[in-house]
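The file data-v8.cif contains mmCIF, C-alpha atoms:
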```cif
data_final
#
loop_
_atom_site.group_PDB
_atom_site.id
_atom_site.type_symbol
_atom_site.label_atom_id
_atom_site.label_comp_id
_atom_site.auth_asym_id
_atom_site.auth_seq_id
_atom_site.Cartn_x
_atom_site.Cartn_y
_atom_site.Cartn_z
ATOM 1 C CA GLN S 266 0.000 0.000 0.000
ATOM 2 C CA VAL S 267 1.523 3.283 -1.137
ATOM 3 C CA GLN S 268 1.510 5.781 1.693
ATOM 4 C CA LEU S 269 3.498 8.699 0.223
ATOM 5 C CA VAL S 270 3.312 9.871 -3.390
ATOM 6 C CA GLU S 271 5.717 12.484 -4.723
ATOM 7 C CA SER S 272 5.342 14.649 -7.781
ATOM 8 C CA GLY S 273 6.984 17.656 -9.399
ATOM 9 C CA GLY S 274 10.496 16.599 -10.289
ATOM 10 C CA GLY S 275 12.088 17.330 -13.617
ATOM 11 C CA LEU S 276 14.845 19.065 -15.521
ATOM 12 C CA VAL S 277 15.641 22.715 -14.939
ATOM 13 C CA GLN S 278 18.489 25.068 -15.739
ATOM 14 C CA SER S 279 20.786 26.412 -13.076
ATOM 15 C CA GLY S 280 19.111 29.257 -11.231
ATOM 16 C CA GLY S 281 15.654 27.936 -11.964
ATOM 17 C CA SER S 282 12.894 26.723 -9.676
ATOM 18 C CA LEU S 283 10.943 23.555 -9.065
ATOM 19 C CA ARG S 284 8.211 22.605 -6.652
ATOM 20 C CA LEU S 285 7.921 19.114 -5.236
ATOM 21 C CA SER S 286 4.793 17.831 -3.588
ATOM 22 C CA CYS S 287 4.140 14.785 -1.448
ATOM 23 C CA ALA S 288 0.670 13.516 -0.720
ATOM 24 C CA ALA S 289 0.262 11.296 2.294
ATOM 25 C CA SER S 290 -2.555 9.301 3.767
ATOM 26 C CA GLY S 291 -4.365 11.267 6.409
ATOM 27 C CA ARG S 292 -3.511 8.829 9.173
ATOM 28 C CA ILE S 293 0.204 9.224 8.545
ATOM 29 C CA PHE S 294 0.208 12.944 7.778
ATOM 30 C CA ARG S 295 -1.654 13.961 10.924
ATOM 31 C CA THR S 296 0.808 12.201 13.189
ATOM 32 C CA SER S 297 4.110 12.826 11.424
ATOM 33 C CA THR S 298 7.023 15.114 10.948
ATOM 34 C CA MET S 299 7.302 15.405 7.179
ATOM 35 C CA GLY S 300 10.616 15.749 5.437
ATOM 36 C CA TRP S 301 12.561 15.615 2.209
ATOM 37 C CA TYR S 302 15.768 13.717 1.645
ATOM 38 C CA ARG S 303 17.871 13.446 -1.466
ATOM 39 C CA GLN S 304 20.401 11.046 -2.885
ATOM 40 C CA ALA S 305 22.834 11.947 -5.612
ATOM 41 C CA PRO S 306 24.633 9.271 -7.648
ATOM 42 C CA GLY S 307 27.406 7.684 -5.636
ATOM 43 C CA LYS S 308 26.436 9.528 -2.470
ATOM 44 C CA GLU S 309 24.518 8.695 0.659
ATOM 45 C CA ARG S 310 20.971 9.837 1.203
ATOM 46 C CA GLU S 311 20.941 13.142 3.071
ATOM 47 C CA LEU S 312 18.363 15.223 4.874
ATOM 48 C CA VAL S 313 17.260 18.304 2.976
ATOM 49 C CA THR S 314 14.587 19.663 5.291
ATOM 50 C CA TYR S 315 11.744 18.714 7.576
ATOM 51 C CA ILE S 316 8.669 20.273 9.141
ATOM 52 C CA THR S 317 7.014 19.091 12.335
ATOM 53 C CA ARG S 318 3.309 18.869 13.019
ATOM 54 C CA GLY S 319 3.646 22.149 14.848
ATOM 55 C CA GLY S 320 5.303 23.853 11.907
ATOM 56 C CA SER S 321 8.899 23.946 13.112
ATOM 57 C CA THR S 322 11.384 23.551 10.312
ATOM 58 C CA LYS S 323 14.999 22.592 9.797
ATOM 59 C CA TYR S 324 17.108 22.943 6.662
ATOM 60 C CA ALA S 325 20.432 21.584 5.548
ATOM 61 C CA ASP S 326 22.997 24.372 5.328
ATOM 62 C CA SER S 327 23.370 23.762 1.612
ATOM 63 C CA VAL S 328 19.750 24.740 0.893
ATOM 64 C CA LYS S 329 19.086 27.458 3.474
ATOM 65 C CA GLY S 330 17.666 30.563 1.878
ATOM 66 C CA ARG S 331 16.828 28.730 -1.350
ATOM 67 C CA PHE S 332 14.411 25.965 -0.372
ATOM 68 C CA THR S 333 11.179 26.290 1.585
ATOM 69 C CA ILE S 334 9.129 23.471 3.064
ATOM 70 C CA SER S 335 5.463 23.855 3.916
ATOM 71 C CA ARG S 336 2.599 21.597 4.866
ATOM 72 C CA ASP S 337 -1.096 21.812 4.099
ATOM 73 C CA ASN S 338 -2.899 19.997 6.857
ATOM 74 C CA ALA S 339 -6.222 20.178 5.032
ATOM 75 C CA LYS S 340 -4.828 18.420 1.962
ATOM 76 C CA ASN S 341 -2.369 16.097 3.735
ATOM 77 C CA THR S 342 0.361 17.465 1.508
ATOM 78 C CA VAL S 343 3.888 18.704 2.067
ATOM 79 C CA THR S 344 5.549 20.916 -0.512
ATOM 80 C CA LEU S 345 9.175 21.751 -1.193
ATOM 81 C CA GLN S 346 9.715 24.975 -3.105
ATOM 82 C CA MET S 347 13.203 25.006 -4.574
ATOM 83 C CA ASN S 348 14.592 28.279 -5.911
ATOM 84 C CA GLY S 349 18.031 29.179 -7.126
ATOM 85 C CA LEU S 350 18.732 25.597 -8.094
ATOM 86 C CA LYS S 351 22.318 24.544 -8.648
ATOM 87 C CA PRO S 352 23.786 21.552 -10.484
ATOM 88 C CA GLU S 353 24.797 20.101 -7.127
ATOM 89 C CA ASP S 354 21.106 19.895 -6.202
ATOM 90 C CA THR S 355 20.724 17.154 -8.801
ATOM 91 C CA ALA S 356 19.471 14.037 -7.030
ATOM 92 C CA VAL S 357 16.531 11.781 -6.439
ATOM 93 C CA TYR S 358 14.347 13.480 -3.844
ATOM 94 C CA TYR S 359 12.428 11.352 -1.372
ATOM 95 C CA CYS S 360 9.497 12.308 0.797
ATOM 96 C CA ASN S 361 9.666 10.975 4.333
ATOM 97 C CA ALA S 362 7.211 10.781 7.196
ATOM 98 C CA VAL S 363 8.171 9.946 10.761
ATOM 99 C CA THR S 364 5.386 9.542 13.251
ATOM 100 C CA GLU S 365 5.783 11.629 16.359
ATOM 101 C CA ALA S 366 5.186 8.761 18.731
ATOM 102 C CA LYS S 367 6.892 6.772 21.454
ATOM 103 C CA ASN S 368 7.912 4.202 18.827
ATOM 104 C CA PRO S 369 8.303 6.267 15.654
ATOM 105 C CA GLN S 370 7.496 4.698 12.310
ATOM 106 C CA SER S 371 9.184 5.910 9.145
ATOM 107 C CA TYR S 372 7.634 5.910 5.688
ATOM 108 C CA TRP S 373 9.202 6.716 2.336
ATOM 109 C CA GLY S 374 7.961 7.794 -1.032
ATOM 110 C CA GLN S 375 9.209 6.287 -4.258
ATOM 111 C CA GLY S 376 11.421 9.249 -5.110
ATOM 112 C CA THR S 377 11.371 11.856 -7.851
ATOM 113 C CA GLN S 378 14.299 12.902 -10.008
ATOM 114 C CA VAL S 379 15.508 16.493 -9.987
ATOM 115 C CA THR S 380 18.139 17.392 -12.553
ATOM 116 C CA VAL S 381 19.735 20.827 -12.720
ATOM 117 C CA SER S 382 21.747 21.594 -15.819
ATOM 118 C CA SER S 383 24.603 24.087 -15.818
#
```

Would you kindly transcribe this structure into structure tokens?
Amino acid sequence: QVQLVESGGGLVQSGGSLRLSCAASGRIFRTSTMGWYRQAPGKERELVTYITRGGSTKYADSVKGRFTISRDNAKNTVTLQMNGLKPEDTAVYYCNAVTEAKNPQSYWGQGTQVTVSS
């Protein structure tokens, strides 16, 4: 059963913008910190940003000031607005949900490719 579905990846020139969206089941979304990770070829998966149920956010230093995460609690959707894209942002981006519970459960989307050309 697919719990997280990403959309919005693609090819963009350096300096351009993309918006990624992740739709989650209501049960998961309501109880989770939602985040985005990325994995570039030959590299480990890394945290890009997350947003808690209460709206607190954290960003990787490499994306601060360029990327913005937001969540729409009515639509069970988390969005990543990416501006000022650089070739080093090229990666597969994964949506992640971690339940804010005593025994947290983690869920992953299937990933969406973002390619930034120079």

Record the distance separating CA of Gly273 (chain S) and CA of Leu345 (chain S), expressed in Å with one decimal.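 Going from CA of Gly273 (chain S) over to CA of Leu345 (chain S), I get 9.4 Å.
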
Would you translate the PyMOL selection byres ((chain S and resi 383) around 8) into the concrete set of residues it matches in this file, as a ChimeraX atom specification? /S:278-279,351-352,381-382

Measuring between only C-alpha atoms, which one of S:Arg318, S:Arg331, S:Arg284, S:Arg303 shows the shortest distance to Cys360 (chain S)?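 Comparing S:Arg318, S:Arg331, S:Arg284, S:Arg303 against Cys360 (chain S), the winner is S:Arg303.
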
Translate the PyMOL selection byres ((chain S and resi 357) around 8), as applied to the file shown, into an explicit residue set as a PyMOL selection string. chain S and resi 303-305+355-356+358-359+376-379

Identify, on the basis of all atoms listed in the file, every residue whose closest approach to Ser335 (chain S) does not exceed 9 Å; exclude the query and any residue fewer than 5 positions from it along the same chain; express the result as an MDAnalysis selection string. chainID S and resid 315:316 320 322 342:346

Which polymer residues, protein or nucleic acid, are no farther than 7 Å from (3.3, 9.3, -1.8), counting all atoms listed in the file, as a list in words?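 Those residues, ordered by chain and then number, are Val267, Gln268, Leu269, Val270, Glu271, Cys287, Ala288, Ala289 and Gly374 of chain S.
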
How would the residues just chosen look if you wrote them out with C-alpha atoms as a tab-separated table (two decimals), in the coordinates of the input?
```tsv
chain	number	residue	atom	x	y	z
S	267	VAL	CA	1.52	3.28	-1.14
S	268	GLN	CA	1.51	5.78	1.69
S	269	LEU	CA	3.50	8.70	0.22
S	270	VAL	CA	3.31	9.87	-3.39
S	271	GLU	CA	5.72	12.48	-4.72
S	287	CYS	CA	4.14	14.78	-1.45
S	288	ALA	CA	0.67	13.52	-0.72
S	289	ALA	CA	0.26	11.30	2.29
S	374	GLY	CA	7.96	7.79	-1.03
```
